[in-house]
Amino acid sequence: MNCPRCGAGDDRVVDSRTSADGSAIRRRRECLGCFQRFTTYERVEETPLRVVKKNGERVRFERERIRSGMLRSCEKLPISMEDIEAAVGRIETRCQGEFDREVQSSVIGSLVMDELRNIHQVAYVRFASVYREFRDVEQFLETLRPILRQPSGEVDS
C-alpha cells in the first residue's frame with residue numbers, strides 16, 4: 001500500500017478492526033518513510049453474475065426474470081408459489097455455484113425446463129414452446145413424445 005503523503009510503499013499495520021456490519025476490515029497503517037498514519041479498508045470483491053443472451057448481449061443475472069417466466073408457464077395451474085420459489089432458488093444457486101462470472105441464457109433455460117418438467121407437465125410444455133422457438137409441429141411433438149409415453153401422473157426426471 002503506497003502512503004498517500006509521500007508515496008512510499010513500506011508501511012506497517014497499527015490496528016485492524018472488522019466494520020460494524022462485518023463487510024469490511026478497517027486497517028490503520030503507519031508509513032515507515034514519513035510516519036504518517038492512514039486508514040485502508042479491505043472488502044470482498046463481488047463480481048455479479050452476468051447472463052450472455054443469444055445475441056451476445058450481456059445483462060445482469062436477475063432472479064425475477066426467471067420467476068416471471070415460470071409464473072407465466074404455470075398460470076391457471078394448481079402450482080403453489082412455494083414450489084415456484086423453491087425452483088427459482090435451486091436455479092439461482094446452481095448458476096452462482098457453477099459459473100464464476102457469466103452464464104449462457106441457454107443454460108438457464110435448460111435449468112428452468114428441468115424444474116418445470118418436475119413440477120407440472122403442462123407448465124413444462126408451455127415454457128418449452130416459447131423457449132425452444134419451434135419452427136414446426138414436428139419439433140413440438142418431439143418434445144411431447146417422452147411425456148406422452150409415461151403412465152398418467154408420472155413425470156420423467
# chains A, B, ... in the order shown; residues from 1 in each chain; ligands from 1
call {"tool": "residues_around", "arguments": {"residues": "Arg67 (chain A)", "least_positions_apart": "5", "cutoff": "9 Å", "atoms": "only C-alpha atoms", "output": "PyMOL selection string"}}
result
chain A and resi 72+84-85+87-88
call {"tool": "residues_around", "arguments": {"residues": "Ala128 (chain A)", "least_positions_apart": "5", "cutoff": "8 Å", "atoms": "only C-alpha atoms", "output": "MDAnalysis selection string"}}
result
chainID A and resid 113 133 143
call {"tool": "atom_distance", "arguments": {"atom1": "CA of Thr93 (chain A)", "atom2": "CA of Leu71 (chain A)"}}
result
18.9 Å
call {"tool": "select_by_dssp", "arguments": {"residues": "region 8-101 of chain A", "states": "strand (DSSP E)", "output": "list in words"}}
result
Asp11, Arg12, Val13, Val14, Asp15, Ser16, Arg17, Thr18, Ala24, Ile25, Arg26, Arg27, Arg28, Arg29, Glu30, Cys31, Arg37, Phe38, Thr39, Thr40, Tyr41, Glu42, Arg43, Arg50, Val51, Val52, Arg58, Val59 and Arg60 of chain A
call {"tool": "write_last_selection", "arguments": {"atoms": "C-alpha atoms", "output": "PDB file, in the first residue's frame"}}
result
ATOM      1  CA  ASP A  11       4.082   0.601   5.951  1.00  0.00           C
ATOM      2  CA  ARG A  12       3.034  -1.344   8.980  1.00  0.00           C
ATOM      3  CA  VAL A  13      -0.433  -2.171  10.243  1.00  0.00           C
ATOM      4  CA  VAL A  14      -1.045  -0.481  13.596  1.00  0.00           C
ATOM      5  CA  ASP A  15      -4.625  -1.661  14.170  1.00  0.00           C
ATOM      6  CA  SER A  16      -7.207  -3.902  12.422  1.00  0.00           C
ATOM      7  CA  ARG A  17     -10.924  -3.960  13.112  1.00  0.00           C
ATOM      8  CA  THR A  18     -13.956  -5.503  11.469  1.00  0.00           C
ATOM      9  CA  ALA A  24     -15.006  -4.941   5.610  1.00  0.00           C
ATOM     10  CA  ILE A  25     -11.830  -4.830   7.654  1.00  0.00           C
ATOM     11  CA  ARG A  26     -10.573  -1.376   8.649  1.00  0.00           C
ATOM     12  CA  ARG A  27      -6.795  -1.122   8.977  1.00  0.00           C
ATOM     13  CA  ARG A  28      -4.825   1.756  10.478  1.00  0.00           C
ATOM     14  CA  ARG A  29      -1.398   1.894   8.849  1.00  0.00           C
ATOM     15  CA  GLU A  30       1.745   3.856   9.512  1.00  0.00           C
ATOM     16  CA  CYS A  31       4.159   4.815   6.735  1.00  0.00           C
ATOM     17  CA  ARG A  37      -0.917   7.275   9.676  1.00  0.00           C
ATOM     18  CA  PHE A  38      -3.707   6.471   7.245  1.00  0.00           C
ATOM     19  CA  THR A  39      -6.694   4.130   7.024  1.00  0.00           C
ATOM     20  CA  THR A  40      -7.443   1.446   4.435  1.00  0.00           C
ATOM     21  CA  TYR A  41     -10.446  -0.839   4.015  1.00  0.00           C
ATOM     22  CA  GLU A  42     -10.381  -4.433   2.828  1.00  0.00           C
ATOM     23  CA  ARG A  43     -13.579  -5.775   1.222  1.00  0.00           C
ATOM     24  CA  ARG A  50     -23.961 -11.872 -15.937  1.00  0.00           C
ATOM     25  CA  VAL A  51     -26.153 -13.631 -18.473  1.00  0.00           C
ATOM     26  CA  VAL A  52     -24.935 -13.953 -22.061  1.00  0.00           C
ATOM     27  CA  ARG A  58     -24.575  -9.339 -21.550  1.00  0.00           C
ATOM     28  CA  VAL A  59     -27.060  -8.435 -18.841  1.00  0.00           C
ATOM     29  CA  ARG A  60     -27.108  -8.731 -15.061  1.00  0.00           C
TER      30      ARG A  60
END
call {"tool": "residues_around", "arguments": {"residues": "Ile66 (chain A)", "least_positions_apart": "2", "cutoff": "12 Å", "atoms": "only C-alpha atoms", "output": "number ranges by chain"}}
result
A: 51, 61-64, 68-73, 84-92, 95, 105, 108-113, 115-116, 127
call {"tool": "write_last_selection", "arguments": {"atoms": "C-alpha atoms", "output": "PDB file, in the first residue's frame"}}
result
ATOM      1  CA  VAL A  51     -26.153 -13.631 -18.473  1.00  0.00           C
ATOM      2  CA  PHE A  61     -28.494 -12.023 -13.668  1.00  0.00           C
ATOM      3  CA  GLU A  62     -31.986 -11.330 -12.337  1.00  0.00           C
ATOM      4  CA  ARG A  63     -33.831 -13.886 -10.269  1.00  0.00           C
ATOM      5  CA  GLU A  64     -37.082 -12.029 -11.014  1.00  0.00           C
ATOM      6  CA  SER A  68     -41.761 -14.303 -14.082  1.00  0.00           C
ATOM      7  CA  GLY A  69     -41.104 -16.775 -16.914  1.00  0.00           C
ATOM      8  CA  MET A  70     -42.013 -19.670 -14.666  1.00  0.00           C
ATOM      9  CA  LEU A  71     -45.134 -17.881 -13.418  1.00  0.00           C
ATOM     10  CA  ARG A  72     -46.341 -17.350 -16.992  1.00  0.00           C
ATOM     11  CA  SER A  73     -45.847 -21.051 -17.710  1.00  0.00           C
ATOM     12  CA  ILE A  84     -42.042 -21.933  -7.901  1.00  0.00           C
ATOM     13  CA  GLU A  85     -39.873 -20.017  -5.419  1.00  0.00           C
ATOM     14  CA  ALA A  86     -38.048 -23.202  -4.429  1.00  0.00           C
ATOM     15  CA  ALA A  87     -37.356 -23.989  -8.095  1.00  0.00           C
ATOM     16  CA  VAL A  88     -36.116 -20.445  -8.759  1.00  0.00           C
ATOM     17  CA  GLY A  89     -33.855 -20.749  -5.710  1.00  0.00           C
ATOM     18  CA  ARG A  90     -32.374 -24.004  -6.972  1.00  0.00           C
ATOM     19  CA  ILE A  91     -31.728 -22.477 -10.396  1.00  0.00           C
ATOM     20  CA  GLU A  92     -30.081 -19.402  -8.899  1.00  0.00           C
ATOM     21  CA  CYS A  95     -25.909 -20.761 -11.635  1.00  0.00           C
ATOM     22  CA  SER A 105     -29.057 -17.888 -21.282  1.00  0.00           C
ATOM     23  CA  ILE A 108     -30.653 -21.034 -17.578  1.00  0.00           C
ATOM     24  CA  GLY A 109     -33.433 -22.024 -19.991  1.00  0.00           C
ATOM     25  CA  SER A 110     -32.468 -25.685 -19.698  1.00  0.00           C
ATOM     26  CA  LEU A 111     -32.447 -25.471 -15.910  1.00  0.00           C
ATOM     27  CA  VAL A 112     -35.907 -23.871 -15.959  1.00  0.00           C
ATOM     28  CA  MET A 113     -37.180 -26.625 -18.247  1.00  0.00           C
ATOM     29  CA  GLU A 115     -37.504 -27.723 -12.939  1.00  0.00           C
ATOM     30  CA  LEU A 116     -40.820 -27.290 -14.765  1.00  0.00           C
ATOM     31  CA  PHE A 127     -42.279 -22.969 -21.414  1.00  0.00           C
TER      32      PHE A 127
END
call {"tool": "atom_distance", "arguments": {"atom1": "CA of Gln121 (chain A)", "atom2": "CA of Ile79 (chain A)"}}
result
11.3 Å
call {"tool": "residues_around", "arguments": {"residues": "Thr47 (chain A)", "least_positions_apart": "3", "cutoff": "10 Å", "atoms": "only C-alpha atoms", "output": "VMD selection string"}}
result
chain A and resid 44 50 100 to 102
call {"tool": "closest_residue", "arguments": {"among": "A:Pro48, A:Gly33, A:Gly22, A:Pro78", "to": "Arg5 (chain A)", "atoms": "only C-alpha atoms"}}
result
A:Gly33
call {"tool": "select_by_dssp", "arguments": {"residues": "region 32-112 of chain A", "states": "helix (DSSP H, G or I)", "output": "count of residues only"}}
result
38
call {"tool": "closest_residue", "arguments": {"among": "A:Arg94, A:Ala20, A:Val130, A:Lys76", "to": "Val107 (chain A)", "atoms": "only C-alpha atoms"}}
result
A:Arg94
call {"tool": "decode", "arguments": {"residues": "region 116-146 of chain A", "atoms": "C-alpha atoms", "output": "JSON list (two decimals), in the first residue's frame"}}
result
[["chain", "number", "residue", "atom", "x", "y", "z"],
["A", 116, "LEU", "CA", -40.82, -27.29, -14.76],
["A", 117, "ARG", "CA", -40.71, -30.90, -16.01],
["A", 118, "ASN", "CA", -40.63, -31.97, -12.37],
["A", 119, "ILE", "CA", -43.36, -29.54, -11.28],
["A", 120, "HIS", "CA", -46.05, -29.90, -13.95],
["A", 121, "GLN", "CA", -46.13, -31.31, -17.49],
["A", 122, "VAL", "CA", -48.33, -28.54, -18.90],
["A", 123, "ALA", "CA", -46.09, -25.82, -17.47],
["A", 124, "TYR", "CA", -43.10, -27.61, -18.98],
["A", 125, "VAL", "CA", -44.73, -27.76, -22.45],
["A", 126, "ARG", "CA", -45.79, -24.10, -22.25],
["A", 127, "PHE", "CA", -42.28, -22.97, -21.41],
["A", 128, "ALA", "CA", -40.69, -25.28, -23.99],
["A", 129, "SER", "CA", -42.96, -23.99, -26.75],
["A", 130, "VAL", "CA", -41.73, -20.42, -26.20],
["A", 131, "TYR", "CA", -38.15, -21.15, -25.17],
["A", 132, "ARG", "CA", -37.30, -23.59, -27.95],
["A", 133, "GLU", "CA", -38.95, -21.46, -30.66],
["A", 134, "PHE", "CA", -40.31, -24.45, -32.58],
["A", 135, "ARG", "CA", -40.30, -23.99, -36.35],
["A", 136, "ASP", "CA", -42.98, -26.60, -36.97],
["A", 137, "VAL", "CA", -45.37, -29.03, -35.30],
["A", 138, "GLU", "CA", -42.92, -31.93, -35.68],
["A", 139, "GLN", "CA", -40.36, -30.25, -33.42],
["A", 140, "PHE", "CA", -43.10, -29.62, -30.87],
["A", 141, "LEU", "CA", -44.17, -33.26, -30.99],
["A", 142, "GLU", "CA", -40.56, -34.39, -30.44],
["A", 143, "THR", "CA", -40.64, -32.56, -27.11],
["A", 144, "LEU", "CA", -44.01, -34.08, -26.20],
["A", 145, "ARG", "CA", -43.20, -37.72, -27.08],
["A", 146, "PRO", "CA", -41.27, -38.53, -23.87]]
